[in-house]
>>> print(open('data29.pdb').read())   # PDB, C-alpha atoms, pLDDT in the B column
ATOM      1  CA  MET A   1      96.114 112.358  86.928  1.00 45.00           C
ATOM      2  CA  LYS A   2      97.724 111.118  83.761  1.00 47.00           C
ATOM      3  CA  GLN A   3      97.940 107.506  82.673  1.00 48.00           C
ATOM      4  CA  HIS A   4     100.702 105.726  80.799  1.00 43.00           C
ATOM      5  CA  ARG A   5     101.568 102.092  80.238  1.00 46.00           C
ATOM      6  CA  VAL A   6     104.659 100.259  81.408  1.00 40.00           C
ATOM      7  CA  GLY A   7     104.546  96.757  79.943  1.00 40.00           C
ATOM      8  CA  ALA A   8     101.030  95.469  80.629  1.00 40.00           C
ATOM      9  CA  ALA A   9     100.476  97.588  83.755  1.00 41.00           C
ATOM     10  CA  ARG A  10      98.687 100.915  83.741  1.00 45.00           C
ATOM     11  CA  ILE A  11     100.494 103.426  85.941  1.00 41.00           C
ATOM     12  CA  GLU A  12      98.911 106.626  87.254  1.00 49.00           C
ATOM     13  CA  THR A  13     101.102 109.666  87.636  1.00 53.00           C
ATOM     14  CA  VAL A  14      99.787 112.172  90.110  1.00 73.00           C
ATOM     15  CA  GLU A  15      99.762 115.790  89.020  1.00 84.00           C
ATOM     16  CA  PRO A  16      99.448 118.205  91.943  1.00 88.00           C
ATOM     17  CA  SER A  17      96.683 120.759  91.612  1.00 89.00           C
ATOM     18  CA  GLY A  18      94.335 122.729  93.730  1.00 92.00           C
ATOM     19  CA  PRO A  19      90.617 122.149  93.573  1.00 95.00           C
ATOM     20  CA  THR A  20      89.410 122.643  90.000  1.00 93.00           C
ATOM     21  CA  THR A  21      85.612 122.574  90.383  1.00 96.00           C
ATOM     22  CA  GLY A  22      83.152 124.237  92.713  1.00 97.00           C
ATOM     23  CA  TRP A  23      82.414 120.895  94.404  1.00 97.00           C
ATOM     24  CA  GLN A  24      86.123 120.229  94.973  1.00 97.00           C
ATOM     25  CA  TRP A  25      86.451 123.686  96.545  1.00 98.00           C
ATOM     26  CA  PHE A  26      83.419 122.910  98.710  1.00 98.00           C
ATOM     27  CA  ARG A  27      85.048 119.665  99.911  1.00 98.00           C
ATOM     28  CA  PHE A  28      88.455 121.356 100.362  1.00 98.00           C
ATOM     29  CA  VAL A  29      87.042 124.151 102.540  1.00 98.00           C
ATOM     30  CA  GLY A  30      84.485 121.924 104.293  1.00 98.00           C
ATOM     31  CA  ASN A  31      87.080 119.399 105.451  1.00 98.00           C
ATOM     32  CA  TYR A  32      89.222 122.240 106.830  1.00 98.00           C
ATOM     33  CA  VAL A  33      86.234 123.730 108.647  1.00 98.00           C
ATOM     34  CA  ASN A  34      85.268 120.341 110.151  1.00 98.00           C
ATOM     35  CA  VAL A  35      88.991 119.957 111.131  1.00 98.00           C
ATOM     36  CA  SER A  36      89.374 116.508 109.541  1.00 98.00           C
ATOM     37  CA  THR A  37      92.047 117.742 107.095  1.00 98.00           C
ATOM     38  CA  ILE A  38      93.936 119.438 109.920  1.00 98.00           C
ATOM     39  CA  VAL A  39      93.849 116.181 111.911  1.00 98.00           C
ATOM     40  CA  GLY A  40      94.911 114.251 108.777  1.00 98.00           C
ATOM     41  CA  LEU A  41      97.927 116.520 108.283  1.00 98.00           C
ATOM     42  CA  ALA A  42      98.846 116.156 111.973  1.00 98.00           C
ATOM     43  CA  VAL A  43      98.537 112.347 111.904  1.00 97.00           C
ATOM     44  CA  ALA A  44     100.648 112.133 108.740  1.00 97.00           C
ATOM     45  CA  LYS A  45     103.305 114.371 110.324  1.00 97.00           C
ATOM     46  CA  LEU A  46     103.268 112.403 113.600  1.00 97.00           C
ATOM     47  CA  GLY A  47     103.797 109.250 111.538  1.00 97.00           C
ATOM     48  CA  ARG A  48     106.774 111.026 109.901  1.00 97.00           C
ATOM     49  CA  ALA A  49     105.193 110.883 106.449  1.00 97.00           C
ATOM     50  CA  SER A  50     106.359 113.346 103.835  1.00 97.00           C
ATOM     51  CA  ILE A  51     103.390 115.363 102.611  1.00 97.00           C
ATOM     52  CA  LYS A  52     102.960 116.786  99.133  1.00 96.00           C
ATOM     53  CA  ARG A  53     100.135 118.320  97.148  1.00 96.00           C
ATOM     54  CA  GLY A  54      98.055 115.853  95.182  1.00 96.00           C
ATOM     55  CA  PRO A  55      95.359 116.218  92.552  1.00 96.00           C
ATOM     56  CA  ARG A  56      92.090 118.105  93.054  1.00 96.00           C
ATOM     57  CA  GLY A  57      93.072 119.747  96.346  1.00 96.00           C
ATOM     58  CA  LEU A  58      94.176 116.532  98.032  1.00 98.00           C
ATOM     59  CA  TYR A  59      97.321 116.008 100.099  1.00 98.00           C
ATOM     60  CA  LEU A  60      99.399 112.848  99.699  1.00 97.00           C
ATOM     61  CA  GLY A  61     101.425 111.461 102.590  1.00 97.00           C
ATOM     62  CA  GLU A  62     104.161 108.893 101.939  1.00 97.00           C
ATOM     63  CA  GLY A  63     106.400 106.888 104.263  1.00 97.00           C
ATOM     64  CA  TYR A  64     103.983 106.774 107.219  1.00 97.00           C
ATOM     65  CA  ARG A  65     105.746 104.788 109.962  1.00 96.00           C
ATOM     66  CA  PHE A  66     103.095 103.765 112.500  1.00 93.00           C
ATOM     67  CA  LYS A  67     101.489 100.313 112.292  1.00 89.00           C
ATOM     68  CA  PHE A  68      97.996 101.744 112.874  1.00 89.00           C
ATOM     69  CA  PRO A  69      95.705 101.921 111.063  1.00 89.00           C
ATOM     70  CA  VAL A  70      96.249  98.532 109.445  1.00 85.00           C
ATOM     71  CA  ALA A  71      95.833  99.506 105.790  1.00 87.00           C
ATOM     72  CA  GLY A  72      97.908 100.006 102.668  1.00 90.00           C
ATOM     73  CA  ALA A  73      96.538 103.542 102.566  1.00 96.00           C
ATOM     74  CA  PHE A  74      94.108 105.568 104.657  1.00 97.00           C
ATOM     75  CA  THR A  75      92.373 108.913 104.484  1.00 98.00           C
ATOM     76  CA  ILE A  76      91.643 111.566 107.092  1.00 98.00           C
ATOM     77  CA  GLY A  77      89.901 114.626 105.683  1.00 98.00           C
ATOM     78  CA  ASN A  78      91.619 115.524 102.416  1.00 98.00           C
ATOM     79  CA  VAL A  79      94.856 113.754 103.401  1.00 98.00           C
ATOM     80  CA  LEU A  80      95.595 110.388 101.754  1.00 98.00           C
ATOM     81  CA  THR A  81      98.460 108.579 103.466  1.00 98.00           C
ATOM     82  CA  THR A  82     100.442 105.408 102.774  1.00 97.00           C
ATOM     83  CA  SER A  83     103.409 103.733 104.408  1.00 96.00           C
ATOM     84  CA  THR A  84     105.067 103.274 101.014  1.00 96.00           C
ATOM     85  CA  SER A  85     104.998 105.678  98.066  1.00 96.00           C
ATOM     86  CA  TRP A  86     101.984 106.622  95.969  1.00 96.00           C
ATOM     87  CA  GLU A  87     103.856 105.550  92.867  1.00 95.00           C
ATOM     88  CA  GLN A  88     104.281 102.071  94.350  1.00 96.00           C
ATOM     89  CA  MET A  89     100.672 101.891  95.582  1.00 96.00           C
ATOM     90  CA  LEU A  90      99.300 102.981  92.203  1.00 96.00           C
ATOM     91  CA  GLY A  91     101.445 100.384  90.464  1.00 95.00           C
ATOM     92  CA  THR A  92      99.508  97.734  92.387  1.00 95.00           C
ATOM     93  CA  TYR A  93      96.139  99.509  92.739  1.00 95.00           C
ATOM     94  CA  PRO A  94      95.819 101.982  89.840  1.00 96.00           C
ATOM     95  CA  ASP A  95      92.487 103.402  91.066  1.00 97.00           C
ATOM     96  CA  LEU A  96      93.454 103.739  94.733  1.00 96.00           C
ATOM     97  CA  ILE A  97      93.502 107.540  94.753  1.00 96.00           C
ATOM     98  CA  LYS A  98      89.954 107.549  93.339  1.00 96.00           C
ATOM     99  CA  HIS A  99      88.903 105.133  96.118  1.00 97.00           C
ATOM    100  CA  GLU A 100      90.551 107.218  98.838  1.00 97.00           C
ATOM    101  CA  GLU A 101      89.123 110.420  97.346  1.00 97.00           C
ATOM    102  CA  CYS A 102      85.629 108.972  97.869  1.00 98.00           C
ATOM    103  CA  HIS A 103      86.465 108.777 101.576  1.00 98.00           C
ATOM    104  CA  THR A 104      87.232 112.532 101.569  1.00 98.00           C
ATOM    105  CA  TRP A 105      83.606 113.150 100.563  1.00 98.00           C
ATOM    106  CA  GLN A 106      82.450 110.831 103.356  1.00 98.00           C
ATOM    107  CA  TYR A 107      84.335 112.946 105.917  1.00 98.00           C
ATOM    108  CA  LEU A 108      82.536 115.967 104.500  1.00 98.00           C
ATOM    109  CA  TYR A 109      79.017 114.550 104.729  1.00 98.00           C
ATOM    110  CA  CYS A 110      79.704 113.036 108.169  1.00 98.00           C
ATOM    111  CA  LEU A 111      80.831 116.496 109.332  1.00 98.00           C
ATOM    112  CA  GLY A 112      84.418 115.422 109.965  1.00 97.00           C
ATOM    113  CA  LEU A 113      85.636 113.087 112.647  1.00 97.00           C
ATOM    114  CA  PRO A 114      82.170 111.766 113.609  1.00 98.00           C
ATOM    115  CA  TYR A 115      82.780 109.661 110.454  1.00 98.00           C
ATOM    116  CA  TYR A 116      84.536 107.127 112.699  1.00 97.00           C
ATOM    117  CA  ILE A 117      81.388 106.207 114.625  1.00 98.00           C
ATOM    118  CA  PRO A 118      79.424 104.781 111.680  1.00 98.00           C
ATOM    119  CA  TYR A 119      82.636 103.528 110.036  1.00 97.00           C
ATOM    120  CA  VAL A 120      83.457 101.331 113.045  1.00 97.00           C
ATOM    121  CA  ILE A 121      79.839 100.135 113.262  1.00 98.00           C
ATOM    122  CA  PHE A 122      79.849  99.203 109.556  1.00 98.00           C
ATOM    123  CA  MET A 123      83.251  97.543 109.947  1.00 96.00           C
ATOM    124  CA  GLY A 124      81.836  95.385 112.758  1.00 95.00           C
ATOM    125  CA  TRP A 125      78.796  94.543 110.632  1.00 96.00           C
ATOM    126  CA  SER A 126      81.089  93.545 107.776  1.00 96.00           C
ATOM    127  CA  VAL A 127      83.176  91.278 110.025  1.00 95.00           C
ATOM    128  CA  LEU A 128      80.007  89.700 111.382  1.00 95.00           C
ATOM    129  CA  ARG A 129      78.526  89.100 107.926  1.00 96.00           C
ATOM    130  CA  THR A 130      81.663  88.168 105.936  1.00 95.00           C
ATOM    131  CA  GLY A 131      84.649  87.768 108.261  1.00 94.00           C
ATOM    132  CA  ASP A 132      86.266  90.750 106.499  1.00 95.00           C
ATOM    133  CA  ARG A 133      86.318  94.361 107.709  1.00 95.00           C
ATOM    134  CA  ALA A 134      85.569  95.889 104.294  1.00 96.00           C
ATOM    135  CA  ALA A 135      83.351  93.577 102.222  1.00 97.00           C
ATOM    136  CA  ARG A 136      80.047  94.772 103.751  1.00 97.00           C
ATOM    137  CA  ASN A 137      81.254  98.094 105.141  1.00 97.00           C
ATOM    138  CA  PHE A 138      78.965 100.749 103.627  1.00 98.00           C
ATOM    139  CA  PHE A 139      81.784 103.301 103.334  1.00 98.00           C
ATOM    140  CA  GLU A 140      84.198 100.916 101.597  1.00 97.00           C
ATOM    141  CA  ARG A 141      81.487  99.709  99.224  1.00 97.00           C
ATOM    142  CA  GLN A 142      80.511 103.289  98.396  1.00 98.00           C
ATOM    143  CA  ALA A 143      84.176 104.097  97.673  1.00 97.00           C
ATOM    144  CA  GLY A 144      84.499 101.040  95.415  1.00 97.00           C
ATOM    145  CA  LEU A 145      85.811  97.840  96.956  1.00 96.00           C
ATOM    146  CA  ALA A 146      87.839  96.776  93.921  1.00 95.00           C
ATOM    147  CA  MET A 147      89.385 100.249  93.498  1.00 96.00           C
ATOM    148  CA  GLY A 148      90.591 100.001  97.101  1.00 95.00           C
ATOM    149  CA  GLY A 149      92.014  96.523  96.567  1.00 95.00           C
ATOM    150  CA  TYR A 150      89.306  94.799  98.613  1.00 96.00           C
ATOM    151  CA  ILE A 151      87.559  91.510  97.846  1.00 96.00           C
ATOM    152  CA  ASP A 152      83.768  91.331  97.864  1.00 97.00           C
ATOM    153  CA  TYR A 153      83.303  88.265 100.074  1.00 96.00           C
ATOM    154  CA  PRO A 154      79.860  86.620 100.182  1.00 96.00           C
ATOM    155  CA  VAL A 155      77.668  87.099 103.220  1.00 95.00           C
ATOM    156  CA  ARG A 156      77.207  84.323 105.735  1.00 94.00           C
ATOM    157  CA  PRO A 157      74.271  83.693 108.066  1.00 92.00           C
ATOM    158  CA  ILE A 158      74.317  85.954 111.112  1.00 91.00           C
ATOM    159  CA  ALA A 159      74.450  83.009 113.552  1.00 91.00           C
ATOM    160  CA  GLU A 160      77.556  81.705 111.781  1.00 91.00           C
ATOM    161  CA  GLY A 161      79.121  85.173 111.969  1.00 89.00           C
ATOM    162  CA  VAL A 162      78.380  85.459 115.687  1.00 90.00           C
ATOM    163  CA  ARG A 163      79.963  82.039 116.333  1.00 88.00           C
ATOM    164  CA  ALA A 164      83.032  83.032 114.324  1.00 88.00           C
ATOM    165  CA  VAL A 165      83.434  86.370 116.125  1.00 85.00           C
ATOM    166  CA  LEU A 166      82.943  84.797 119.567  1.00 87.00           C
ATOM    167  CA  GLY A 167      85.382  82.027 118.655  1.00 85.00           C
ATOM    168  CA  ARG A 168      88.005  84.665 117.782  1.00 77.00           C
ATOM    169  CA  LEU A 169      87.461  86.447 121.081  1.00 69.00           C
ATOM    170  CA  LYS A 170      88.019  83.183 123.003  1.00 61.00           C
ATOM    171  CA  LEU A 171      85.846  84.227 125.900  1.00 54.00           C
ATOM    172  CA  THR A 172      87.209  82.272 128.846  1.00 51.00           C
ATOM    173  CA  ARG A 173      87.493  82.826 132.584  1.00 50.00           C
ATOM    174  CA  SER A 174      90.844  83.885 133.908  1.00 48.00           C
TER     175      SER A 174
END
>>> encode(input="data29.pdb", output="structure tokens")
Amino acid sequence: MKQHRVGAARIETVEPSGPTTGWQWFRFVGNYVNVSTIVGLAVAKLGRASIKRGPRGLYLGEGYRFKFPVAGAFTIGNVLTTSTSWEQMLGTYPDLIKHEECHTWQYLYCLGLPYYIPYVIFMGWSVLRTGDRAARNFFERQAGLAMGGYIDYPVRPIAEGVRAVLGRLKLTRS
């Protein structure tokens, strides 16, 4: 990835390459073996994203058309996908590829798609503690909240979080 400046903004240009270190090769092969990269390529294709090679053995999907997941960008295996273009995303979030690349390692150490079980649990914990799905999500914090464009909201007492979550659910009899 090369950097250059346009006005006051730092813009990342993405240079496609295969894995360049032993660890990158380990991740590249591991996320194929655990099928998360295969699923990521299929999801990107189903969402009619164009897929190109990215840096360090990553794949970059652009123009994803589904409304789920609700995110500016998301990662499945070694596939980083956005509904816009990576050039546009990096203009706003210059370290986003680094953030998403951290998620590729998380798929590896979670042995692929089982990643979603703790991710959803941590997302719920984050909503309970902060009202935000990312601020106290272990995986998002490990990947770098600011690099991913997230805000580090303060924690609130658990009782307050429970009241807020139950208030959003509007549990009433039908």
>>> closest_residue(input="data29.pdb", among="A:Trp25, A:Tyr32, A:Phe139, A:Phe68", to="A:Gln106", atoms="only C-alpha atoms")
A:Phe139
>>> resolve_selection(input="data29.pdb", expression="the PyMOL selection byres ((chain A and resi 156) around 12)", output="short mmCIF file (atom, residue, chain, number, x, y, z; two decimals) with C-alpha atoms, keeping the file's coordinate frame")
data_model
loop_
_atom_site.label_atom_id
_atom_site.label_comp_id
_atom_site.auth_asym_id
_atom_site.auth_seq_id
_atom_site.Cartn_x
_atom_site.Cartn_y
_atom_site.Cartn_z
CA TRP A 125 78.80 94.54 110.63
CA SER A 126 81.09 93.54 107.78
CA VAL A 127 83.18 91.28 110.02
CA LEU A 128 80.01 89.70 111.38
CA ARG A 129 78.53 89.10 107.93
CA THR A 130 81.66 88.17 105.94
CA GLY A 131 84.65 87.77 108.26
CA ASP A 132 86.27 90.75 106.50
CA ALA A 135 83.35 93.58 102.22
CA ARG A 136 80.05 94.77 103.75
CA TYR A 153 83.30 88.26 100.07
CA PRO A 154 79.86 86.62 100.18
CA VAL A 155 77.67 87.10 103.22
CA PRO A 157 74.27 83.69 108.07
CA ILE A 158 74.32 85.95 111.11
CA ALA A 159 74.45 83.01 113.55
CA GLU A 160 77.56 81.70 111.78
CA GLY A 161 79.12 85.17 111.97
CA VAL A 162 78.38 85.46 115.69
CA ARG A 163 79.96 82.04 116.33
CA ALA A 164 83.03 83.03 114.32
#
>>> resolve_selection(input="data29.pdb", expression="the PyMOL selection byres ((chain A and resi 84-99) around 9)", output="JSON, numbers by chain")
{"A": [9, 10, 11, 12, 13, 14, 60, 61, 62, 63, 64, 72, 73, 80, 81, 82, 83, 100, 101, 102, 103, 140, 142, 143, 144, 145, 146, 147, 148, 149]}
>>> resolve_selection(input="data29.pdb", expression="the PyMOL selection byres ((chain A and resi 37) around 12)", output="PyMOL selection string")
chain A and resi 27-36+38-44+57-60+75-81+103-105+107-108+111-113
>>> atom_distance(input="data29.pdb", atom1="atom CA of A:Ile117", atom2="atom CA of A:Phe74")
16.2 Å
>>> closest_residue(input="data29.pdb", among="A:Tyr116, A:Phe122, A:Arg168, A:Pro16", to="A:Ile51", atoms="all atoms listed in the file")
A:Pro16
>>> atom_distance(input="data29.pdb", atom1="atom CA of A:Gly22", atom2="atom CA of A:Lys45")
28.5 Å
>>> atom_distance(input="data29.pdb", atom1="atom CA of A:Ala71", atom2="atom CA of A:Arg141")
15.8 Å
>>> closest_residue(input="data29.pdb", among="A:Tyr109, A:Glu15, A:Pro114, A:Val120", to="A:Lys52", atoms="all atoms listed in the file")
A:Glu15
>>> decode(input="data29.pdb", residues="stretch 136-162 of chain A", atoms="N, CA and C atoms", output="PDB file, in the first residue's frame")
ATOM      1  N   ARG A 136     -17.477  -1.875  22.622  1.00  0.00           N
ATOM      2  CA  ARG A 136     -16.932  -2.854  23.571  1.00  0.00           C
ATOM      3  C   ARG A 136     -16.933  -4.266  22.981  1.00  0.00           C
ATOM      4  N   ASN A 137     -16.950  -4.352  21.668  1.00  0.00           N
ATOM      5  CA  ASN A 137     -16.843  -5.639  20.989  1.00  0.00           C
ATOM      6  C   ASN A 137     -15.354  -6.000  20.925  1.00  0.00           C
ATOM      7  N   PHE A 138     -14.977  -7.106  21.555  1.00  0.00           N
ATOM      8  CA  PHE A 138     -13.579  -7.523  21.604  1.00  0.00           C
ATOM      9  C   PHE A 138     -12.928  -7.515  20.227  1.00  0.00           C
ATOM     10  N   PHE A 139     -13.613  -8.066  19.220  1.00  0.00           N
ATOM     11  CA  PHE A 139     -13.024  -8.180  17.889  1.00  0.00           C
ATOM     12  C   PHE A 139     -12.794  -6.809  17.250  1.00  0.00           C
ATOM     13  N   GLU A 140     -13.727  -5.894  17.413  1.00  0.00           N
ATOM     14  CA  GLU A 140     -13.560  -4.557  16.837  1.00  0.00           C
ATOM     15  C   GLU A 140     -12.473  -3.778  17.572  1.00  0.00           C
ATOM     16  N   ARG A 141     -12.387  -3.954  18.875  1.00  0.00           N
ATOM     17  CA  ARG A 141     -11.336  -3.286  19.643  1.00  0.00           C
ATOM     18  C   ARG A 141      -9.967  -3.832  19.249  1.00  0.00           C
ATOM     19  N   GLN A 142      -9.877  -5.153  19.091  1.00  0.00           N
ATOM     20  CA  GLN A 142      -8.608  -5.763  18.706  1.00  0.00           C
ATOM     21  C   GLN A 142      -8.175  -5.290  17.313  1.00  0.00           C
ATOM     22  N   ALA A 143      -9.138  -5.058  16.431  1.00  0.00           N
ATOM     23  CA  ALA A 143      -8.826  -4.595  15.073  1.00  0.00           C
ATOM     24  C   ALA A 143      -8.551  -3.089  15.022  1.00  0.00           C
ATOM     25  N   GLY A 144      -8.823  -2.389  16.098  1.00  0.00           N
ATOM     26  CA  GLY A 144      -8.583  -0.941  16.139  1.00  0.00           C
ATOM     27  C   GLY A 144      -9.848  -0.170  15.819  1.00  0.00           C
ATOM     28  N   LEU A 145     -10.540   0.262  16.847  1.00  0.00           N
ATOM     29  CA  LEU A 145     -11.814   0.968  16.643  1.00  0.00           C
ATOM     30  C   LEU A 145     -11.656   2.158  15.712  1.00  0.00           C
ATOM     31  N   ALA A 146     -10.697   3.018  15.997  1.00  0.00           N
ATOM     32  CA  ALA A 146     -10.531   4.246  15.207  1.00  0.00           C
ATOM     33  C   ALA A 146     -10.189   3.921  13.759  1.00  0.00           C
ATOM     34  N   MET A 147      -9.353   2.895  13.524  1.00  0.00           N
ATOM     35  CA  MET A 147      -9.007   2.531  12.147  1.00  0.00           C
ATOM     36  C   MET A 147     -10.244   2.097  11.368  1.00  0.00           C
ATOM     37  N   GLY A 148     -11.209   1.494  12.071  1.00  0.00           N
ATOM     38  CA  GLY A 148     -12.444   1.055  11.433  1.00  0.00           C
ATOM     39  C   GLY A 148     -13.516   2.126  11.369  1.00  0.00           C
ATOM     40  N   GLY A 149     -13.199   3.321  11.880  1.00  0.00           N
ATOM     41  CA  GLY A 149     -14.163   4.414  11.849  1.00  0.00           C
ATOM     42  C   GLY A 149     -15.158   4.379  12.995  1.00  0.00           C
ATOM     43  N   TYR A 150     -14.870   3.603  14.030  1.00  0.00           N
ATOM     44  CA  TYR A 150     -15.775   3.490  15.172  1.00  0.00           C
ATOM     45  C   TYR A 150     -15.397   4.479  16.265  1.00  0.00           C
ATOM     46  N   ILE A 151     -16.377   4.808  17.098  1.00  0.00           N
ATOM     47  CA  ILE A 151     -16.178   5.690  18.246  1.00  0.00           C
ATOM     48  C   ILE A 151     -16.103   4.823  19.497  1.00  0.00           C
ATOM     49  N   ASP A 152     -15.194   5.156  20.386  1.00  0.00           N
ATOM     50  CA  ASP A 152     -15.042   4.428  21.641  1.00  0.00           C
ATOM     51  C   ASP A 152     -15.941   5.067  22.699  1.00  0.00           C
ATOM     52  N   TYR A 153     -17.209   4.656  22.717  1.00  0.00           N
ATOM     53  CA  TYR A 153     -18.170   5.203  23.668  1.00  0.00           C
ATOM     54  C   TYR A 153     -17.862   4.707  25.077  1.00  0.00           C
ATOM     55  N   PRO A 154     -18.164   5.523  26.098  1.00  0.00           N
ATOM     56  CA  PRO A 154     -17.932   5.081  27.476  1.00  0.00           C
ATOM     57  C   PRO A 154     -18.939   4.004  27.877  1.00  0.00           C
ATOM     58  N   VAL A 155     -18.538   3.199  28.850  1.00  0.00           N
ATOM     59  CA  VAL A 155     -19.448   2.166  29.339  1.00  0.00           C
ATOM     60  C   VAL A 155     -20.486   2.800  30.259  1.00  0.00           C
ATOM     61  N   ARG A 156     -21.622   2.121  30.349  1.00  0.00           N
ATOM     62  CA  ARG A 156     -22.685   2.554  31.242  1.00  0.00           C
ATOM     63  C   ARG A 156     -22.954   1.398  32.203  1.00  0.00           C
ATOM     64  N   PRO A 157     -23.592   1.670  33.321  1.00  0.00           N
ATOM     65  CA  PRO A 157     -23.923   0.586  34.249  1.00  0.00           C
ATOM     66  C   PRO A 157     -24.784  -0.474  33.553  1.00  0.00           C
ATOM     67  N   ILE A 158     -24.589  -1.712  33.940  1.00  0.00           N
ATOM     68  CA  ILE A 158     -25.311  -2.813  33.295  1.00  0.00           C
ATOM     69  C   ILE A 158     -26.829  -2.634  33.418  1.00  0.00           C
ATOM     70  N   ALA A 159     -27.306  -2.223  34.574  1.00  0.00           N
ATOM     71  CA  ALA A 159     -28.763  -2.043  34.757  1.00  0.00           C
ATOM     72  C   ALA A 159     -29.298  -1.019  33.763  1.00  0.00           C
ATOM     73  N   GLU A 160     -28.555   0.049  33.552  1.00  0.00           N
ATOM     74  CA  GLU A 160     -28.974   1.068  32.575  1.00  0.00           C
ATOM     75  C   GLU A 160     -28.989   0.481  31.164  1.00  0.00           C
ATOM     76  N   GLY A 161     -28.004  -0.343  30.847  1.00  0.00           N
ATOM     77  CA  GLY A 161     -27.954  -0.993  29.537  1.00  0.00           C
ATOM     78  C   GLY A 161     -29.115  -1.936  29.327  1.00  0.00           C
ATOM     79  N   VAL A 162     -29.455  -2.705  30.362  1.00  0.00           N
ATOM     80  CA  VAL A 162     -30.589  -3.633  30.269  1.00  0.00           C
ATOM     81  C   VAL A 162     -31.873  -2.855  30.025  1.00  0.00           C
TER      82      VAL A 162
END
